[in-house]
$ cat final_30.cif   # mmCIF, C-alpha atoms
data_input
loop_
_atom_site.group_PDB
_atom_site.id
_atom_site.type_symbol
_atom_site.label_atom_id
_atom_site.label_comp_id
_atom_site.auth_asym_id
_atom_site.auth_seq_id
_atom_site.Cartn_x
_atom_site.Cartn_y
_atom_site.Cartn_z
ATOM 1 C CA MET A 1 41.638 4.711 -0.576
ATOM 2 C CA ARG A 2 39.023 6.865 -2.287
ATOM 3 C CA THR A 3 36.732 5.106 -4.757
ATOM 4 C CA LEU A 4 34.459 6.762 -7.261
ATOM 5 C CA VAL A 5 31.450 4.537 -7.958
ATOM 6 C CA VAL A 6 29.476 5.528 -11.053
ATOM 7 C CA ARG A 7 25.844 4.627 -11.762
ATOM 8 C CA LEU A 8 24.274 7.208 -14.036
ATOM 9 C CA ASP A 9 20.646 6.178 -14.493
ATOM 10 C CA SER A 10 17.550 6.011 -12.264
ATOM 11 C CA ASP A 11 16.821 5.431 -8.569
ATOM 12 C CA GLY A 12 16.184 1.713 -8.987
ATOM 13 C CA ASP A 13 19.497 1.208 -10.795
ATOM 14 C CA VAL A 14 21.333 3.123 -8.075
ATOM 15 C CA LEU A 15 19.748 0.950 -5.370
ATOM 16 C CA LEU A 16 20.997 -2.131 -7.204
ATOM 17 C CA ALA A 17 24.529 -0.718 -6.985
ATOM 18 C CA GLY A 18 24.304 -0.807 -3.190
ATOM 19 C CA PRO A 19 26.245 -4.053 -2.558
ATOM 20 C CA ALA A 20 29.083 -2.871 -4.826
ATOM 21 C CA VAL A 21 29.166 0.439 -2.963
ATOM 22 C CA ARG A 22 29.407 -1.331 0.399
ATOM 23 C CA ALA A 23 32.250 -3.497 -0.872
ATOM 24 C CA ALA A 24 34.182 -0.393 -1.944
ATOM 25 C CA ALA A 25 33.341 1.375 1.325
ATOM 26 C CA HIS A 26 34.888 -1.538 3.246
ATOM 27 C CA ALA A 27 38.234 -0.367 1.819
ATOM 28 C CA GLY A 28 37.825 3.375 2.321
ATOM 29 C CA GLU A 29 35.877 6.454 1.224
ATOM 30 C CA VAL A 30 33.233 6.246 -1.519
ATOM 31 C CA VAL A 31 32.050 9.091 -3.746
ATOM 32 C CA LEU A 32 29.002 8.197 -5.852
ATOM 33 C CA LEU A 33 28.518 9.819 -9.260
ATOM 34 C CA CYS A 34 24.882 9.514 -10.370
ATOM 35 C CA GLY A 35 22.296 11.159 -12.589
ATOM 36 C CA TYR A 36 19.722 13.509 -11.146
ATOM 37 C CA SER A 37 17.115 10.764 -11.600
ATOM 38 C CA GLY A 38 19.099 8.546 -9.232
ATOM 39 C CA ALA A 39 20.059 11.092 -6.588
ATOM 40 C CA GLN A 40 17.230 10.298 -4.167
ATOM 41 C CA ALA A 41 18.363 6.694 -3.920
ATOM 42 C CA ALA A 42 22.032 7.667 -3.757
ATOM 43 C CA GLU A 43 21.407 9.673 -0.602
ATOM 44 C CA LEU A 44 20.059 6.537 1.110
ATOM 45 C CA LEU A 45 22.873 4.101 0.296
ATOM 46 C CA PRO A 46 25.049 2.945 3.213
ATOM 47 C CA GLY A 47 28.743 3.585 2.627
ATOM 48 C CA VAL A 48 28.407 6.719 0.476
ATOM 49 C CA GLN A 49 30.263 9.743 1.863
ATOM 50 C CA ARG A 50 29.462 12.130 -0.982
ATOM 51 C CA VAL A 51 27.010 12.228 -3.885
ATOM 52 C CA VAL A 52 27.875 14.032 -7.129
ATOM 53 C CA ARG A 53 25.077 14.573 -9.672
ATOM 54 C CA TRP A 54 25.487 14.753 -13.430
ATOM 55 C CA ASP A 55 23.072 14.060 -16.286
ATOM 56 C CA CYS A 56 25.173 12.045 -18.714
ATOM 57 C CA PRO A 57 24.373 12.639 -22.421
ATOM 58 C CA TRP A 58 24.782 8.945 -23.367
ATOM 59 C CA ILE A 59 22.759 7.567 -20.426
ATOM 60 C CA ALA A 60 19.973 10.022 -19.491
ATOM 61 C CA ASN A 61 16.593 9.848 -21.247
ATOM 62 C CA PRO A 62 15.732 12.326 -22.631
ATOM 63 C CA ALA A 63 19.383 12.962 -23.346
ATOM 64 C CA PRO A 64 20.894 16.429 -22.953
ATOM 65 C CA GLU A 65 23.060 17.836 -25.725
ATOM 66 C CA VAL A 66 26.784 17.136 -25.734
ATOM 67 C CA ARG A 67 28.464 20.510 -25.217
ATOM 68 C CA THR A 68 32.165 21.189 -24.902
ATOM 69 C CA PRO A 69 31.868 23.352 -21.745
ATOM 70 C CA ASP A 70 29.853 20.625 -20.000
ATOM 71 C CA ILE A 71 32.393 17.928 -20.849
ATOM 72 C CA GLU A 72 35.262 20.149 -19.745
ATOM 73 C CA GLY A 73 33.338 20.832 -16.530
ATOM 74 C CA ILE A 74 32.777 17.171 -15.691
ATOM 75 C CA VAL A 75 36.444 16.378 -16.368
ATOM 76 C CA ALA A 76 37.441 19.161 -13.954
ATOM 77 C CA LEU A 77 34.951 17.886 -11.391
ATOM 78 C CA LEU A 78 36.273 14.316 -11.700
ATOM 79 C CA LYS A 79 39.835 15.579 -11.338
ATOM 80 C CA GLY A 80 38.848 17.405 -8.133
ATOM 81 C CA ILE A 81 37.478 14.212 -6.576
ATOM 82 C CA ARG A 82 41.019 12.756 -6.649
ATOM 83 C CA ALA A 83 39.818 9.171 -6.772
ATOM 84 C CA ASP A 84 42.294 6.310 -6.523
ATOM 85 C CA VAL A 85 40.003 3.968 -8.431
ATOM 86 C CA ALA A 86 36.728 4.283 -10.338
ATOM 87 C CA LEU A 87 34.085 1.591 -10.743
ATOM 88 C CA ILE A 88 31.799 2.188 -13.740
ATOM 89 C CA LEU A 89 28.547 0.271 -13.265
ATOM 90 C CA THR A 90 26.432 -0.097 -16.396
ATOM 91 C CA SER A 91 23.493 -2.120 -17.637
ATOM 92 C CA PHE A 92 24.129 -4.707 -20.356
ATOM 93 C CA HIS A 93 23.108 -2.258 -23.118
ATOM 94 C CA GLN A 94 25.297 0.634 -21.922
ATOM 95 C CA SER A 95 28.943 1.255 -22.774
ATOM 96 C CA PRO A 96 31.354 2.365 -20.033
ATOM 97 C CA LEU A 97 33.933 3.607 -22.525
ATOM 98 C CA PRO A 98 32.882 7.258 -23.036
ATOM 99 C CA LEU A 99 33.031 7.857 -19.295
ATOM 100 C CA ALA A 100 36.248 5.849 -19.002
ATOM 101 C CA LEU A 101 37.815 8.310 -21.448
ATOM 102 C CA LEU A 102 36.746 11.260 -19.282
ATOM 103 C CA LEU A 103 38.074 9.531 -16.168
ATOM 104 C CA LYS A 104 41.448 9.013 -17.849
ATOM 105 C CA LEU A 105 41.513 12.667 -18.922
ATOM 106 C CA ALA A 106 40.825 13.513 -15.261
ATOM 107 C CA GLY A 107 43.839 11.473 -14.183
ATOM 108 C CA VAL A 108 42.069 8.624 -12.369
ATOM 109 C CA PRO A 109 44.801 5.980 -12.139
ATOM 110 C CA LYS A 110 42.617 2.857 -12.129
ATOM 111 C CA VAL A 111 39.308 2.406 -13.953
ATOM 112 C CA VAL A 112 37.327 -0.833 -13.698
ATOM 113 C CA ALA A 113 34.256 -1.797 -15.720
ATOM 114 C CA ARG A 114 32.545 -4.510 -17.711
ATOM 115 C CA SER A 115 32.896 -4.019 -21.486
ATOM 116 C CA THR A 116 32.209 -6.301 -24.436
ATOM 117 C CA ASP A 117 33.917 -3.739 -26.711
ATOM 118 C CA TYR A 118 37.696 -3.496 -26.891
ATOM 119 C CA PRO A 119 38.676 -0.721 -24.417
ATOM 120 C CA GLY A 120 42.302 -0.155 -25.383
ATOM 121 C CA SER A 121 43.949 1.763 -22.545
ATOM 122 C CA LEU A 122 40.664 3.188 -21.209
ATOM 123 C CA LEU A 123 40.129 0.376 -18.711
ATOM 124 C CA ASP A 124 42.763 -0.946 -16.327
ATOM 125 C CA VAL A 125 40.615 -3.901 -15.308
ATOM 126 C CA ARG A 126 38.069 -5.178 -17.813
ATOM 127 C CA LEU A 127 35.379 -7.779 -17.254
ATOM 128 C CA ARG A 128 34.702 -9.255 -20.694
ATOM 129 C CA ASP A 129 31.697 -11.445 -19.963
ATOM 130 C CA ASP A 130 28.069 -10.409 -19.488
ATOM 131 C CA PRO A 131 26.577 -13.079 -17.215
ATOM 132 C CA ASP A 132 22.825 -13.566 -17.055
ATOM 133 C CA VAL A 133 22.602 -12.878 -13.324
ATOM 134 C CA PRO A 134 20.731 -10.335 -11.161
ATOM 135 C CA GLU A 135 21.886 -6.776 -11.783
ATOM 136 C CA ALA A 136 23.058 -6.291 -8.186
ATOM 137 C CA GLU A 137 25.369 -9.297 -8.549
ATOM 138 C CA ARG A 138 26.723 -8.010 -11.892
ATOM 139 C CA ALA A 139 27.639 -4.734 -10.183
ATOM 140 C CA LEU A 140 29.231 -6.506 -7.232
ATOM 141 C CA GLU A 141 31.406 -8.502 -9.642
ATOM 142 C CA VAL A 142 32.882 -5.227 -10.894
ATOM 143 C CA ALA A 143 33.781 -4.242 -7.325
ATOM 144 C CA ARG A 144 35.365 -7.646 -6.750
ATOM 145 C CA ALA A 145 37.412 -7.244 -9.936
ATOM 146 C CA ALA A 146 38.879 -4.144 -8.269
ATOM 147 C CA GLU A 147 39.765 -6.352 -5.255
ATOM 148 C CA PHE A 148 36.962 -5.018 -3.069
ATOM 149 C CA GLU A 149 34.927 -7.433 -1.005
ATOM 150 C CA LEU A 150 31.856 -7.115 1.196
ATOM 151 C CA PRO A 151 32.584 -6.789 4.913
ATOM 152 C CA PRO A 152 32.107 -9.850 7.120
ATOM 153 C CA GLY A 153 28.432 -10.498 7.832
ATOM 154 C CA ASP A 154 27.197 -8.575 4.759
ATOM 155 C CA ASP A 155 24.988 -10.942 2.742
ATOM 156 C CA GLY A 156 24.972 -8.805 -0.396
ATOM 157 C CA ARG A 157 21.298 -7.909 -0.274
ATOM 158 C CA LEU A 158 19.986 -4.469 -1.104
ATOM 159 C CA ALA A 159 19.949 -2.046 1.819
ATOM 160 C CA ILE A 160 19.383 1.594 2.666
ATOM 161 C CA THR A 161 19.939 3.710 5.749
ATOM 162 C CA THR A 162 17.188 3.504 8.355
ATOM 163 C CA PRO A 163 13.990 4.887 6.786
ATOM 164 C CA PRO A 164 11.778 7.312 8.738
ATOM 165 C CA GLU A 165 8.737 6.070 10.631
ATOM 166 C CA PRO A 166 5.594 6.492 8.501
ATOM 167 C CA ALA A 167 2.538 8.358 9.693
ATOM 168 C CA GLU A 168 0.359 5.470 8.509
ATOM 169 C CA ILE A 169 0.094 2.489 10.842
ATOM 170 C CA GLY A 170 -0.299 -1.130 9.763
ATOM 171 C CA PRO A 171 -1.258 -3.597 8.765
ATOM 172 C CA TYR A 172 -1.482 -2.524 5.146
ATOM 173 C CA VAL A 173 -0.491 -3.407 1.591
ATOM 174 C CA VAL A 174 1.003 -0.830 -0.792
ATOM 175 C CA LEU A 175 0.062 -0.691 -4.462
ATOM 176 C CA HIS A 176 2.282 1.530 -6.609
ATOM 177 C CA PRO A 177 0.670 1.851 -10.075
ATOM 178 C CA GLY A 178 3.165 4.073 -11.889
ATOM 179 C CA ALA A 179 6.389 3.198 -13.692
ATOM 180 C CA SER A 180 9.208 5.254 -15.171
ATOM 181 C CA VAL A 181 8.731 3.400 -18.478
ATOM 182 C CA PRO A 182 5.110 3.067 -19.722
ATOM 183 C CA ALA A 183 5.658 -0.442 -21.151
ATOM 184 C CA ARG A 184 6.388 -1.710 -17.638
ATOM 185 C CA ALA A 185 3.165 -0.460 -16.028
ATOM 186 C CA TRP A 186 -0.050 -2.375 -15.347
ATOM 187 C CA SER A 187 -3.045 -0.487 -16.735
ATOM 188 C CA PRO A 188 -4.722 2.029 -14.384
ATOM 189 C CA ASP A 189 -8.036 0.186 -14.590
ATOM 190 C CA ARG A 190 -6.432 -3.131 -13.691
ATOM 191 C CA CYS A 191 -4.711 -1.432 -10.747
ATOM 192 C CA ALA A 192 -8.018 0.032 -9.583
ATOM 193 C CA GLN A 193 -9.677 -3.374 -9.834
ATOM 194 C CA ALA A 194 -6.846 -4.873 -7.783
ATOM 195 C CA VAL A 195 -7.326 -2.258 -5.043
ATOM 196 C CA THR A 196 -11.012 -3.208 -4.835
ATOM 197 C CA ALA A 197 -10.221 -6.929 -4.821
ATOM 198 C CA LEU A 198 -7.590 -6.499 -2.087
ATOM 199 C CA ALA A 199 -9.995 -4.426 0.013
ATOM 200 C CA ASP A 200 -12.710 -7.046 -0.441
ATOM 201 C CA ALA A 201 -10.192 -9.644 0.766
ATOM 202 C CA GLY A 202 -9.696 -7.667 3.981
ATOM 203 C CA TYR A 203 -6.513 -5.729 3.218
ATOM 204 C CA ARG A 204 -6.031 -2.026 3.854
ATOM 205 C CA VAL A 205 -4.505 -0.675 0.636
ATOM 206 C CA LEU A 206 -2.300 2.422 0.355
ATOM 207 C CA VAL A 207 -1.760 3.740 -3.172
ATOM 208 C CA THR A 208 1.521 5.590 -3.709
ATOM 209 C CA GLY A 209 2.957 7.690 -6.513
ATOM 210 C CA GLY A 210 5.113 10.690 -7.260
ATOM 211 C CA PRO A 211 4.036 14.328 -7.629
ATOM 212 C CA GLY A 212 3.310 13.825 -11.327
ATOM 213 C CA GLU A 213 1.086 10.795 -10.694
ATOM 214 C CA VAL A 214 -1.644 12.277 -8.485
ATOM 215 C CA GLU A 215 -4.401 11.797 -11.075
ATOM 216 C CA LEU A 216 -3.313 8.196 -11.558
ATOM 217 C CA THR A 217 -3.260 7.402 -7.835
ATOM 218 C CA ARG A 218 -6.622 9.106 -7.289
ATOM 219 C CA HIS A 219 -8.175 6.937 -9.983
ATOM 220 C CA VAL A 220 -6.536 3.750 -8.720
ATOM 221 C CA ALA A 221 -7.360 4.335 -5.045
ATOM 222 C CA GLY A 222 -11.027 5.073 -5.788
ATOM 223 C CA THR A 223 -13.204 4.577 -2.704
ATOM 224 C CA HIS A 224 -11.456 1.408 -1.534
ATOM 225 C CA GLY A 225 -7.848 2.592 -1.133
ATOM 226 C CA VAL A 226 -5.969 5.390 0.611
ATOM 227 C CA ASP A 227 -4.536 7.821 -1.926
ATOM 228 C CA LEU A 228 -1.008 8.939 -1.007
ATOM 229 C CA GLY A 229 -0.009 10.132 -4.482
ATOM 230 C CA GLY A 230 2.494 12.989 -4.297
ATOM 231 C CA ARG A 231 2.503 12.975 -0.500
ATOM 232 C CA THR A 232 5.778 11.224 0.265
ATOM 233 C CA THR A 233 9.419 11.929 -0.379
ATOM 234 C CA PHE A 234 11.552 9.034 -1.595
ATOM 235 C CA ALA A 235 12.853 8.502 1.952
ATOM 236 C CA GLU A 236 9.315 8.641 3.367
ATOM 237 C CA LEU A 237 8.192 6.127 0.754
ATOM 238 C CA ALA A 238 10.971 3.841 1.968
ATOM 239 C CA GLY A 239 9.577 4.051 5.501
ATOM 240 C CA LEU A 240 6.078 3.323 4.237
ATOM 241 C CA LEU A 241 7.254 0.304 2.248
ATOM 242 C CA ALA A 242 9.339 -0.996 5.137
ATOM 243 C CA ARG A 243 6.262 -1.438 7.293
ATOM 244 C CA ALA A 244 3.955 -2.817 4.596
ATOM 245 C CA ASP A 245 2.982 -6.475 4.578
ATOM 246 C CA ALA A 246 3.609 -6.580 0.814
ATOM 247 C CA VAL A 247 4.044 -4.224 -2.143
ATOM 248 C CA VAL A 248 2.336 -4.579 -5.528
ATOM 249 C CA VAL A 249 4.406 -2.791 -8.162
ATOM 250 C CA GLY A 250 5.782 -3.016 -11.696
ATOM 251 C CA ASN A 251 9.420 -3.110 -12.736
ATOM 252 C CA THR A 252 10.328 0.339 -11.449
ATOM 253 C CA GLY A 253 12.287 2.027 -8.641
ATOM 254 C CA PRO A 254 9.887 1.333 -5.730
ATOM 255 C CA ALA A 255 10.166 -2.410 -6.440
ATOM 256 C CA HIS A 256 13.871 -2.222 -5.652
ATOM 257 C CA LEU A 257 13.220 0.150 -2.759
ATOM 258 C CA ALA A 258 10.831 -2.430 -1.270
ATOM 259 C CA ALA A 259 13.506 -5.106 -1.653
ATOM 260 C CA ALA A 260 16.044 -2.804 0.021
ATOM 261 C CA VAL A 261 13.841 -2.475 3.125
ATOM 262 C CA GLY A 262 13.050 -6.201 3.213
ATOM 263 C CA THR A 263 9.396 -6.098 2.134
ATOM 264 C CA PRO A 264 8.172 -8.840 -0.243
ATOM 265 C CA VAL A 265 7.010 -7.739 -3.680
ATOM 266 C CA VAL A 266 4.249 -8.810 -6.038
ATOM 267 C CA SER A 267 6.173 -7.955 -9.205
ATOM 268 C CA LEU A 268 4.035 -7.123 -12.243
ATOM 269 C CA PHE A 269 6.929 -7.659 -14.623
ATOM 270 C CA ALA A 270 6.766 -6.868 -18.344
ATOM 271 C CA PRO A 271 9.403 -8.949 -20.181
ATOM 272 C CA VAL A 272 10.791 -6.045 -22.237
ATOM 273 C CA VAL A 273 13.886 -6.584 -20.090
ATOM 274 C CA PRO A 274 14.830 -9.962 -18.569
ATOM 275 C CA ALA A 275 13.359 -10.749 -15.162
ATOM 276 C CA ARG A 276 16.402 -12.834 -14.285
ATOM 277 C CA ARG A 277 18.413 -9.607 -14.190
ATOM 278 C CA TRP A 278 15.856 -7.020 -13.098
ATOM 279 C CA ALA A 279 13.283 -8.716 -10.855
ATOM 280 C CA PRO A 280 13.306 -7.537 -7.203
ATOM 281 C CA HIS A 281 16.459 -8.672 -5.410
ATOM 282 C CA GLY A 282 14.533 -10.243 -2.529
ATOM 283 C CA PRO A 283 11.351 -12.253 -1.803
ATOM 284 C CA HIS A 284 8.835 -11.771 -4.592
ATOM 285 C CA VAL A 285 6.146 -13.357 -6.742
ATOM 286 C CA LEU A 286 6.627 -12.677 -10.445
ATOM 287 C CA LEU A 287 3.466 -12.070 -12.480
ATOM 288 C CA GLY A 288 3.192 -11.395 -16.205
ATOM 289 C CA ASP A 289 3.785 -13.412 -19.353
ATOM 290 C CA GLN A 290 7.569 -13.657 -19.622
ATOM 291 C CA ASN A 291 7.338 -15.208 -23.105
ATOM 292 C CA ALA A 292 5.216 -12.430 -24.621
ATOM 293 C CA PRO A 293 6.155 -11.075 -28.109
ATOM 294 C CA CYS A 294 7.748 -7.984 -26.530
ATOM 295 C CA ARG A 295 10.298 -10.150 -24.706
ATOM 296 C CA GLY A 296 13.773 -8.610 -24.679
ATOM 297 C CA SER A 297 12.762 -5.645 -26.834
ATOM 298 C CA ARG A 298 13.658 -2.975 -24.226
ATOM 299 C CA ALA A 299 10.616 -1.081 -25.546
ATOM 300 C CA ARG A 300 9.556 2.006 -23.633
ATOM 301 C CA GLU A 301 6.064 1.976 -25.158
ATOM 302 C CA CYS A 302 4.262 -1.370 -25.387
ATOM 303 C CA PRO A 303 4.635 -2.675 -28.989
ATOM 304 C CA VAL A 304 1.699 -5.122 -28.661
ATOM 305 C CA ALA A 305 -1.928 -3.954 -28.733
ATOM 306 C CA GLY A 306 -3.657 -4.279 -25.366
ATOM 307 C CA HIS A 307 -0.437 -4.755 -23.367
ATOM 308 C CA PRO A 308 -1.301 -8.462 -22.896
ATOM 309 C CA CYS A 309 1.848 -9.464 -21.001
ATOM 310 C CA LEU A 310 0.512 -7.603 -17.950
ATOM 311 C CA ASN A 311 -3.153 -6.941 -18.611
ATOM 312 C CA GLN A 312 -3.897 -10.660 -18.709
ATOM 313 C CA VAL A 313 -2.963 -10.761 -15.021
ATOM 314 C CA THR A 314 -6.200 -10.726 -13.027
ATOM 315 C CA PRO A 315 -6.833 -8.894 -9.738
ATOM 316 C CA ASP A 316 -7.619 -12.248 -8.115
ATOM 317 C CA ARG A 317 -4.127 -13.471 -9.028
ATOM 318 C CA VAL A 318 -2.669 -10.409 -7.330
ATOM 319 C CA VAL A 319 -4.735 -11.079 -4.200
ATOM 320 C CA ALA A 320 -3.472 -14.679 -4.150
ATOM 321 C CA ALA A 321 0.140 -13.498 -4.544
ATOM 322 C CA VAL A 322 -0.237 -11.008 -1.694
ATOM 323 C CA ALA A 323 -1.685 -13.734 0.537
ATOM 324 C CA GLU A 324 1.261 -15.981 -0.348
ATOM 325 C CA LEU A 325 3.828 -13.309 0.538
ATOM 326 C CA VAL A 326 2.080 -12.150 3.709
ATOM 327 C CA GLY A 327 2.097 -15.755 4.864
ATOM 328 C CA VAL A 328 5.822 -16.008 4.173
ATOM 329 C CA ARG A 329 6.595 -12.771 6.009
ATOM 330 C CA THR A 330 4.526 -13.653 9.079
#

$ encode --input "final_30.cif" --output "structure tokens"
Amino acid sequence: MRTLVVRLDSDGDVLLAGPAVRAAAHAGEVVLLCGYSGAQAAELLPGVQRVVRWDCPWIANPAPEVRTPDIEGIVALLKGIRADVALILTSFHQSPLPLALLLKLAGVPKVVARSTDYPGSLLDVRLRDDPDVPEAERALEVARAAEFELPPGDDGRLAITTPPEPAEIGPYVVLHPGASVPARAWSPDRCAQAVTALADAGYRVLVTGGPGEVELTRHVAGTHGVDLGGRTTFAELAGLLARADAVVVGNTGPAHLAAAVGTPVVSLFAPVVPARRWAPHGPHVLLGDQNAPCRGSRARECPVAGHPCLNQVTPDRVVAAVAELVGVRT
């Protein structure tokens, strides 16, 4: 049995597909089709034998143009995988049907997905409902609809392969100020104030970020934190998070990476998407006004002046949440 699992958006979304991947891997070989923005996470998922990268025009943001040679190329690539079944994993606002069409053109005999739109002959197994459950569980339901089940002893939590040992030694708390979507980020000044407050409370604070966030992490770390912006790969970040006492982060990939390595999360969660579906899939404290006017808007830029859903959260509240989680972990 060879299963093609498809999750075409970012690293955090790919991590949330992990339980579904492991269920499929329990039955045989798994090939994971992902976008380039999700490839780092894909390489860390247990059960994946091969990763195929493709920026999908109806998923990626910014979206590439739809060009005939590219579509013909992806159909040929899908045909070469020779999958017995394909699982299309999508968020509630994404349609699986364009890709289902390409999979049928590639000759995949069984395609399984969740779709509220009528699929005709594009889907062989269709989940009609859209339950308000955590995203990892929604994905696992698709795998179960294809008659895949987690292996005995697998509790369905997020997981990655063993992360590397970090150069930094504990104890420490990680604060990750950036986010892939601006509306989901705490303000840089609030983050910097939280680093100072955590340091004053006796915590060693490491500030992490990607290569494009070095100015942000430098500002946030100030003189009270350790600036690691741009200094870790995704796998190295996983190792760093795995040995942290807690992680302070918005609704972005490292929140799910922390959950995958078993580290509790102080989740600064903007309600532009529902926390019930997208909060960290593990121990966490949720901060932020979940009834703010932006609720459910899926906005990428905050539509409310002053970003009050997050900026009303005080550094002292973050310190209290870290203390709560550190106590739970110890």

$ residues_around --input "final_30.cif" --residues "A:Val272" --least-positions-apart "4" --cutoff "7 Å" --atoms "only C-alpha atoms" --output "list in words"
Cys294, Arg295, Gly296, Ser297, Arg298 and Ala299 of chain A

$ resolve_selection --input "final_30.cif" --expression "the PyMOL selection byres ((chain A and resi 103-112) around 8)" --output "list in words"
Val75, Ala76, Leu78, Lys79, Arg82, Ala83, Asp84, Val85, Ala86, Leu87, Ile88, Leu99, Ala100, Leu101, Leu102, Ala113, Arg114, Leu122, Leu123, Asp124, Val125, Arg126, Val142, Ala145 and Ala146 of chain A

$ residues_near_point --input "final_30.cif" --point "(32.2, -2.8, -3.6)" --cutoff "12 Å" --atoms "only C-alpha atoms" --output "mmCIF file with C-alpha atoms, in the frame of the given file"
data_model
loop_
_atom_site.group_PDB
_atom_site.id
_atom_site.type_symbol
_atom_site.label_atom_id
_atom_site.label_comp_id
_atom_site.auth_asym_id
_atom_site.auth_seq_id
_atom_site.Cartn_x
_atom_site.Cartn_y
_atom_site.Cartn_z
ATOM 1 C CA ARG A 2 39.023 6.865 -2.287
ATOM 2 C CA THR A 3 36.732 5.106 -4.757
ATOM 3 C CA LEU A 4 34.459 6.762 -7.261
ATOM 4 C CA VAL A 5 31.450 4.537 -7.958
ATOM 5 C CA VAL A 6 29.476 5.528 -11.053
ATOM 6 C CA LEU A 16 20.997 -2.131 -7.204
ATOM 7 C CA ALA A 17 24.529 -0.718 -6.985
ATOM 8 C CA GLY A 18 24.304 -0.807 -3.190
ATOM 9 C CA PRO A 19 26.245 -4.053 -2.558
ATOM 10 C CA ALA A 20 29.083 -2.871 -4.826
ATOM 11 C CA VAL A 21 29.166 0.439 -2.963
ATOM 12 C CA ARG A 22 29.407 -1.331 0.399
ATOM 13 C CA ALA A 23 32.250 -3.497 -0.872
ATOM 14 C CA ALA A 24 34.182 -0.393 -1.944
ATOM 15 C CA ALA A 25 33.341 1.375 1.325
ATOM 16 C CA HIS A 26 34.888 -1.538 3.246
ATOM 17 C CA ALA A 27 38.234 -0.367 1.819
ATOM 18 C CA GLY A 28 37.825 3.375 2.321
ATOM 19 C CA GLU A 29 35.877 6.454 1.224
ATOM 20 C CA VAL A 30 33.233 6.246 -1.519
ATOM 21 C CA VAL A 31 32.050 9.091 -3.746
ATOM 22 C CA LEU A 32 29.002 8.197 -5.852
ATOM 23 C CA PRO A 46 25.049 2.945 3.213
ATOM 24 C CA GLY A 47 28.743 3.585 2.627
ATOM 25 C CA VAL A 48 28.407 6.719 0.476
ATOM 26 C CA VAL A 85 40.003 3.968 -8.431
ATOM 27 C CA ALA A 86 36.728 4.283 -10.338
ATOM 28 C CA LEU A 87 34.085 1.591 -10.743
ATOM 29 C CA ILE A 88 31.799 2.188 -13.740
ATOM 30 C CA LEU A 89 28.547 0.271 -13.265
ATOM 31 C CA VAL A 112 37.327 -0.833 -13.698
ATOM 32 C CA ALA A 136 23.058 -6.291 -8.186
ATOM 33 C CA GLU A 137 25.369 -9.297 -8.549
ATOM 34 C CA ARG A 138 26.723 -8.010 -11.892
ATOM 35 C CA ALA A 139 27.639 -4.734 -10.183
ATOM 36 C CA LEU A 140 29.231 -6.506 -7.232
ATOM 37 C CA GLU A 141 31.406 -8.502 -9.642
ATOM 38 C CA VAL A 142 32.882 -5.227 -10.894
ATOM 39 C CA ALA A 143 33.781 -4.242 -7.325
ATOM 40 C CA ARG A 144 35.365 -7.646 -6.750
ATOM 41 C CA ALA A 145 37.412 -7.244 -9.936
ATOM 42 C CA ALA A 146 38.879 -4.144 -8.269
ATOM 43 C CA GLU A 147 39.765 -6.352 -5.255
ATOM 44 C CA PHE A 148 36.962 -5.018 -3.069
ATOM 45 C CA GLU A 149 34.927 -7.433 -1.005
ATOM 46 C CA LEU A 150 31.856 -7.115 1.196
ATOM 47 C CA PRO A 151 32.584 -6.789 4.913
ATOM 48 C CA ASP A 154 27.197 -8.575 4.759
ATOM 49 C CA GLY A 156 24.972 -8.805 -0.396
#

$ closest_atom_pairs --input "final_30.cif" --of "stretch 114-205 of chain A" --to "stretch 226-231 of chain A" --cutoff "12 Å" --atoms "all atoms listed in the file" --output "JSON lines"
{"residue": "A:Pro166", "atom": "CA", "partner": "A:Arg231", "partner_atom": "CA", "distance": 11.5}
{"residue": "A:Ala167", "atom": "CA", "partner": "A:Arg231", "partner_atom": "CA", "distance": 11.2}
{"residue": "A:Glu168", "atom": "CA", "partner": "A:Val226", "partner_atom": "CA", "distance": 10.1}
{"residue": "A:Tyr172", "atom": "CA", "partner": "A:Val226", "partner_atom": "CA", "distance": 10.2}
{"residue": "A:Val173", "atom": "CA", "partner": "A:Val226", "partner_atom": "CA", "distance": 10.4}
{"residue": "A:Val174", "atom": "CA", "partner": "A:Val226", "partner_atom": "CA", "distance": 9.4}
{"residue": "A:Leu175", "atom": "CA", "partner": "A:Val226", "partner_atom": "CA", "distance": 10.0}
{"residue": "A:His176", "atom": "CA", "partner": "A:Gly229", "partner_atom": "CA", "distance": 9.2}
{"residue": "A:Pro177", "atom": "CA", "partner": "A:Gly229", "partner_atom": "CA", "distance": 10.0}
{"residue": "A:Gly178", "atom": "CA", "partner": "A:Gly229", "partner_atom": "CA", "distance": 10.1}
{"residue": "A:Ala192", "atom": "CA", "partner": "A:Asp227", "partner_atom": "CA", "distance": 11.5}
{"residue": "A:Val195", "atom": "CA", "partner": "A:Val226", "partner_atom": "CA", "distance": 9.6}
{"residue": "A:Thr196", "atom": "CA", "partner": "A:Val226", "partner_atom": "CA", "distance": 11.4}
{"residue": "A:Ala199", "atom": "CA", "partner": "A:Val226", "partner_atom": "CA", "distance": 10.6}
{"residue": "A:Tyr203", "atom": "CA", "partner": "A:Val226", "partner_atom": "CA", "distance": 11.4}
{"residue": "A:Arg204", "atom": "CA", "partner": "A:Val226", "partner_atom": "CA", "distance": 8.1}
{"residue": "A:Val205", "atom": "CA", "partner": "A:Val226", "partner_atom": "CA", "distance": 6.2}

$ atom_distance --input "final_30.cif" --atom1 "atom CA of A:Leu77" --atom2 "atom CA of A:Gln40"
20.6 Å

$ atom_distance --input "final_30.cif" --atom1 "atom CA of A:Leu158" --atom2 "atom CA of A:Glu213"
26.1 Å
